[in-house]
Amino acid sequence: MQDDNLIRRAAAQDAAAFEQLMLLHQKPVYNICYRMAGNAEDALDLSQEVFLKLWRTLTQYQFDAAFSTWLYRLTQNVCIDFLRKQKRQQHVSLTFSDDEDEGKELSVPDPEPLPEERVIFNEKQEAIRTAMNALPVDFREILELRVVRQLPYEQIAQIMDLPVGTVKSRLARARLQLKKRLDAGNFFETGASKCTE
Amino acid sequence: MNCENALELMNRELDGALTEAESAALRAHLDACPDCRETWRQLHELDALLRESELEPPAALHEGVMREIRQEQKRKPHRAWVPAAAIAAAAALVLLAGRAGLIALPGFEQTDVISVNIGSAVEQIFAQTGAKTPDEAAAQQAAELAAETGLDVLLVWNSGVPLELETAAYETAQSGARLYCVTGQMAQTILDEYGAAAYSPDDVFSDLPEKEAAYVLVLP
Ligand SMILES: [Zn+2]
């Protein structure tokens, strides 16, 4: 709610207000972009694009949904546009999971991590990052929105334009698929057997 | 409960979305099923690791965006529109003398004053484009309108009379609107001070401070 005043001023092209608004929201936006694009270089470009778009379209925000919902939808759309263009240019298959298919193809080629990315990641996190990049883009997005951002199901449903029931089931499948990919690489050291119903 | 049901509950537990009864049922299954216990442990570890893998945005993000915005504001200083509601509530309009000279404003006696009623022009633009709020299409139409009349229009969003104009002389229209004639420098100050959302058909605002005269219309 304390954002409202900043939003109004930023919408009236007050650059200083926009800067404050951006500082408040840049972390989630950057992380969603990182998750969806799969690397730091594209994440930076995409988040910049998101905030420039926000600057130009903020007057369209009507205070009817939560600002974060509006902003994350914008972020998601910028990322999906980018992935589609990348797919056209590189002839790489961009898979979205659907209810039957859990998406076997890589969504984006997994690029070499930039040097600055190496600093933060220990081995397990590196393994998570690689496994995440191998998931369909909507699995990566939903894991970011729910697990990292901790948004409620209803808000995720609005952002991704899905029924709440689908959010729950897709999230469950995303978690399982991430686990499955990591299992294959001896990620879990105890080596216990899997749940087989 | 079978393992499939348990898995569904585990997921919702991770999301903090279990009822107490469901939570108890899950615990009972986990106590009895080592496979699910292991799955449970792994899912928790994954969620925790995902949360920890959050990155800090690089400084280049914020710097790059702000650099672009400031450059854009210099190039096209005042292309944006304030929301229509804000205009209706309280607005100050700055009119600049255009290339074609001064035009008569309706309601004002002087015939050498610009005759564009900016308030209704804005409404008209919004009506024609169907836009609830100002947008690119509206800005485009305004650009055409201004080009036709040879008028450079500045729109300043403000609630009330700008402080700088409180002691200045003005003419009053029947509607109660006030018209001030100020220097280009003063118009620039008002723009800057009041977070002006304004519009220009071209880059003419870059030399606003050098202009001899500018008109400020404060609507009642
Ligand atoms: Zn079980």
# chains A, B, ... in the order shown; residues from 1 in each chain; ligands from 1
call {"tool": "residues_near_ligand", "arguments": {"ligand": "ligand 1", "cutoff": "12 Å", "atoms": "only C-alpha atoms and all ligand atoms", "output": "ChimeraX atom specification"}}
result
/A:193-197 /B:1-10,25-40
call {"tool": "residues_around", "arguments": {"residues": "Lys179 in chain A", "least_positions_apart": "5", "cutoff": "12 Å", "atoms": "only C-alpha atoms", "output": "list of chain:residue names"}}
result
A:Ala127, A:Ile128, A:Ala131, A:Met132, A:Ala134, A:Leu135, A:Ala172, A:Arg173, A:Ala174, A:Ala184, A:Gly185, A:Asn186, A:Phe187, A:Phe188, A:Lys194, A:Cys195, B:Glu38, B:Thr39, B:Trp40, B:Arg41, B:Gln42, B:Leu43, B:His44, B:Glu45, B:Leu46, B:Asp47, B:Leu49, B:Leu50
call {"tool": "write_last_selection", "arguments": {"atoms": "C-alpha atoms", "output": "PDB file, in the first residue's frame"}}
result
ATOM      1  CA  ALA A 127      23.424 -28.543  -9.445  1.00  0.00           C
ATOM      2  CA  ILE A 128      20.048 -26.954  -8.682  1.00  0.00           C
ATOM      3  CA  ALA A 131      18.573 -28.934 -13.094  1.00  0.00           C
ATOM      4  CA  MET A 132      16.257 -25.919 -13.061  1.00  0.00           C
ATOM      5  CA  ALA A 134      16.518 -28.242 -17.823  1.00  0.00           C
ATOM      6  CA  LEU A 135      12.888 -27.867 -16.712  1.00  0.00           C
ATOM      7  CA  ALA A 172       3.738 -30.553  -7.516  1.00  0.00           C
ATOM      8  CA  ARG A 173       4.920 -31.839 -10.889  1.00  0.00           C
ATOM      9  CA  ALA A 174       7.598 -29.176 -11.096  1.00  0.00           C
ATOM     10  CA  ALA A 184      19.945 -38.872 -11.502  1.00  0.00           C
ATOM     11  CA  GLY A 185      23.082 -36.960 -10.533  1.00  0.00           C
ATOM     12  CA  ASN A 186      23.420 -38.448  -7.009  1.00  0.00           C
ATOM     13  CA  PHE A 187      22.369 -35.137  -5.585  1.00  0.00           C
ATOM     14  CA  PHE A 188      20.812 -36.699  -2.501  1.00  0.00           C
ATOM     15  CA  LYS A 194      12.169 -43.377  -4.148  1.00  0.00           C
ATOM     16  CA  CYS A 195       8.569 -43.268  -3.238  1.00  0.00           C
TER      17      CYS A 195
ATOM     18  CA  GLU B  38      12.873 -39.772   2.233  1.00  0.00           C
ATOM     19  CA  THR B  39      10.884 -37.997  -0.482  1.00  0.00           C
ATOM     20  CA  TRP B  40       9.721 -35.597   2.178  1.00  0.00           C
ATOM     21  CA  ARG B  41      13.270 -34.841   3.298  1.00  0.00           C
ATOM     22  CA  GLN B  42      14.404 -34.295  -0.285  1.00  0.00           C
ATOM     23  CA  LEU B  43      11.530 -32.004  -1.202  1.00  0.00           C
ATOM     24  CA  HIS B  44      12.241 -29.885   1.858  1.00  0.00           C
ATOM     25  CA  GLU B  45      15.910 -29.697   0.955  1.00  0.00           C
ATOM     26  CA  LEU B  46      15.074 -28.633  -2.599  1.00  0.00           C
ATOM     27  CA  ASP B  47      12.741 -25.886  -1.476  1.00  0.00           C
ATOM     28  CA  LEU B  49      18.098 -24.644  -1.618  1.00  0.00           C
ATOM     29  CA  LEU B  50      15.914 -22.894  -4.169  1.00  0.00           C
TER      30      LEU B  50
END
call {"tool": "closest_residue", "arguments": {"among": "B:Ala60, B:Ala21, B:Glu13, B:Arg51", "to": "chain A", "atoms": "only C-alpha atoms"}}
result
B:Arg51
call {"tool": "residues_around", "arguments": {"residues": "range 16-32 of chain A", "least_positions_apart": "4", "cutoff": "9 Å", "atoms": "only C-alpha atoms", "output": "number ranges by chain"}}
result
A: 3, 5-11, 36-37, 43-44, 46-48, 50-51, 55, 68, 71-72, 75-76, 79, 140-141, 144-145, 149; B: 54-58, 61-62, 65-66
call {"tool": "write_last_selection", "arguments": {"atoms": "N, CA, C and O atoms", "output": "compact mmCIF listing (two decimals), in the first residue's frame"}}
result
# COMPACT_ATOMS: atom_id res chain seq x y z
N ASP A 3 3.29 1.68 -1.52
CA ASP A 3 3.76 1.87 -2.89
C ASP A 3 2.86 2.83 -3.67
O ASP A 3 3.31 3.44 -4.63
N ASN A 5 1.57 5.76 -3.50
CA ASN A 5 1.99 7.13 -3.77
C ASN A 5 3.16 7.17 -4.74
O ASN A 5 3.18 7.95 -5.69
N LEU A 6 4.11 6.26 -4.51
CA LEU A 6 5.25 6.16 -5.44
C LEU A 6 4.79 5.83 -6.84
O LEU A 6 5.27 6.39 -7.82
N ILE A 7 3.84 4.90 -6.93
CA ILE A 7 3.35 4.47 -8.24
C ILE A 7 2.70 5.65 -8.97
O ILE A 7 2.95 5.88 -10.15
N ARG A 8 1.88 6.41 -8.23
CA ARG A 8 1.22 7.55 -8.87
C ARG A 8 2.24 8.58 -9.37
O ARG A 8 2.13 9.11 -10.47
N ARG A 9 3.23 8.84 -8.54
CA ARG A 9 4.24 9.82 -8.96
C ARG A 9 5.06 9.30 -10.13
O ARG A 9 5.35 10.03 -11.08
N ALA A 10 5.41 8.02 -10.06
CA ALA A 10 6.19 7.44 -11.16
C ALA A 10 5.39 7.43 -12.45
O ALA A 10 5.92 7.68 -13.53
N ALA A 11 4.08 7.19 -12.32
CA ALA A 11 3.23 7.18 -13.51
C ALA A 11 3.17 8.56 -14.14
O ALA A 11 2.99 8.69 -15.35
N MET A 36 13.74 -17.65 -15.61
CA MET A 36 13.12 -17.96 -16.90
C MET A 36 14.14 -17.97 -18.04
O MET A 36 14.03 -18.77 -18.96
N ALA A 37 15.13 -17.08 -17.98
CA ALA A 37 16.12 -17.03 -19.06
C ALA A 37 17.25 -18.03 -18.81
O ALA A 37 17.84 -18.54 -19.76
N ALA A 43 19.23 -12.30 -17.97
CA ALA A 43 18.40 -11.82 -16.85
C ALA A 43 18.55 -10.30 -16.69
O ALA A 43 17.58 -9.60 -16.44
N LEU A 44 19.77 -9.82 -16.86
CA LEU A 44 20.01 -8.37 -16.75
C LEU A 44 19.29 -7.62 -17.88
O LEU A 44 18.57 -6.66 -17.63
N LEU A 46 16.78 -8.59 -19.68
CA LEU A 46 15.32 -8.71 -19.57
C LEU A 46 14.77 -7.86 -18.44
O LEU A 46 13.74 -7.20 -18.60
N SER A 47 15.45 -7.83 -17.30
CA SER A 47 14.93 -6.98 -16.21
C SER A 47 14.99 -5.51 -16.59
O SER A 47 14.13 -4.74 -16.20
N GLN A 48 16.01 -5.14 -17.33
CA GLN A 48 16.05 -3.74 -17.79
C GLN A 48 14.87 -3.45 -18.69
O GLN A 48 14.23 -2.40 -18.58
N VAL A 50 12.01 -4.93 -18.65
CA VAL A 50 10.80 -4.89 -17.81
C VAL A 50 10.63 -3.50 -17.20
O VAL A 50 9.56 -2.90 -17.27
N PHE A 51 11.70 -2.96 -16.63
CA PHE A 51 11.56 -1.68 -15.94
C PHE A 51 11.37 -0.51 -16.91
O PHE A 51 10.66 0.44 -16.59
N TRP A 55 8.11 1.86 -16.85
CA TRP A 55 8.18 3.33 -16.92
C TRP A 55 7.22 3.87 -17.97
O TRP A 55 6.57 4.89 -17.78
N SER A 68 2.31 -6.03 -7.38
CA SER A 68 3.27 -7.11 -7.67
C SER A 68 2.70 -8.07 -8.72
O SER A 68 3.43 -8.54 -9.59
N LEU A 71 3.16 -6.33 -12.01
CA LEU A 71 4.57 -6.26 -12.37
C LEU A 71 5.12 -7.63 -12.77
O LEU A 71 5.86 -7.76 -13.76
N TYR A 72 4.72 -8.68 -12.05
CA TYR A 72 5.25 -10.01 -12.37
C TYR A 72 4.64 -10.54 -13.66
O TYR A 72 5.28 -11.30 -14.39
N THR A 75 6.68 -8.95 -16.25
CA THR A 75 7.98 -9.63 -16.27
C THR A 75 7.88 -10.96 -17.03
O THR A 75 8.69 -11.26 -17.91
N GLN A 76 6.87 -11.73 -16.67
CA GLN A 76 6.65 -13.01 -17.33
C GLN A 76 6.48 -12.82 -18.84
O GLN A 76 7.06 -13.56 -19.65
N CYS A 79 9.71 -12.04 -20.60
CA CYS A 79 10.58 -13.22 -20.68
C CYS A 79 10.07 -14.21 -21.73
O CYS A 79 10.87 -14.77 -22.49
N ARG A 140 9.86 -23.72 -14.17
CA ARG A 140 10.85 -22.84 -13.52
C ARG A 140 10.16 -21.62 -12.94
O ARG A 140 10.46 -21.16 -11.85
N GLU A 141 9.23 -21.09 -13.72
CA GLU A 141 8.54 -19.88 -13.26
C GLU A 141 7.70 -20.16 -12.01
O GLU A 141 7.74 -19.39 -11.05
N GLU A 144 9.80 -20.53 -8.94
CA GLU A 144 10.29 -19.22 -8.48
C GLU A 144 9.18 -18.45 -7.75
O GLU A 144 9.39 -17.89 -6.68
N LEU A 145 8.00 -18.43 -8.34
CA LEU A 145 6.91 -17.64 -7.76
C LEU A 145 6.45 -18.20 -6.42
O LEU A 145 6.17 -17.46 -5.48
N ARG A 149 9.56 -16.77 -4.05
CA ARG A 149 8.82 -15.55 -3.75
C ARG A 149 7.71 -15.78 -2.73
O ARG A 149 7.18 -14.85 -2.17
N GLU B 54 18.58 -17.48 -4.41
CA GLU B 54 18.15 -16.17 -4.87
C GLU B 54 19.36 -15.26 -5.08
O GLU B 54 20.29 -15.27 -4.26
N LEU B 55 19.34 -14.48 -6.13
CA LEU B 55 20.48 -13.62 -6.46
C LEU B 55 20.18 -12.16 -6.15
O LEU B 55 19.03 -11.73 -6.23
N GLU B 56 21.23 -11.42 -5.84
CA GLU B 56 21.09 -9.97 -5.74
C GLU B 56 21.19 -9.39 -7.14
O GLU B 56 22.08 -9.76 -7.90
N PRO B 57 20.31 -8.48 -7.49
CA PRO B 57 20.41 -7.89 -8.83
C PRO B 57 21.70 -7.07 -8.94
O PRO B 57 22.08 -6.40 -7.97
N PRO B 58 22.38 -7.15 -10.08
CA PRO B 58 23.61 -6.35 -10.23
C PRO B 58 23.27 -4.86 -10.28
O PRO B 58 22.18 -4.47 -10.71
N LEU B 61 21.77 -3.08 -13.37
CA LEU B 61 20.35 -3.10 -13.71
C LEU B 61 19.73 -1.73 -13.46
O LEU B 61 19.22 -1.06 -14.36
N HIS B 62 19.83 -1.32 -12.22
CA HIS B 62 19.23 -0.07 -11.81
C HIS B 62 19.91 1.12 -12.51
O HIS B 62 19.25 2.03 -13.02
N VAL B 65 18.86 1.30 -16.29
CA VAL B 65 17.49 1.76 -16.50
C VAL B 65 17.38 3.27 -16.25
O VAL B 65 16.79 4.00 -17.05
N MET B 66 17.98 3.73 -15.17
CA MET B 66 17.86 5.14 -14.84
C MET B 66 18.60 6.02 -15.87
O MET B 66 18.15 7.11 -16.20
call {"tool": "closest_residue", "arguments": {"among": "B:Glu20, B:Glu210, B:Glu164, B:Glu52", "to": "chain A", "atoms": "only C-alpha atoms"}}
result
B:Glu52
call {"tool": "atom_distance", "arguments": {"atom1": "CA of Asp14 in chain A", "atom2": "CA of Glu72 in chain B"}}
result
12.7 Å
call {"tool": "select_by_dssp", "arguments": {"residues": "range 117-171 of chain A", "states": "helix (DSSP H, G or I)", "output": "PyMOL selection string"}}
result
chain A and resi 117-120+123-133+137-148+153-160+164-171
call {"tool": "atom_distance", "arguments": {"atom1": "CA of Asp81 in chain A", "atom2": "CA of Ile69 in chain B"}}
result
22.4 Å
call {"tool": "atom_distance", "arguments": {"atom1": "CA of Ala12 in chain A", "atom2": "CA of Asn77 in chain A"}}
result
23.7 Å
call {"tool": "closest_residue", "arguments": {"among": "A:Gln158, A:Gln177, A:Asn133, A:Gln125", "to": "chain B", "atoms": "only C-alpha atoms"}}
result
A:Gln125
call {"tool": "closest_residue", "arguments": {"among": "B:Thr183, B:Asn11, B:Thr189, B:Ser23", "to": "chain A", "atoms": "only C-alpha atoms"}}
result
B:Asn11
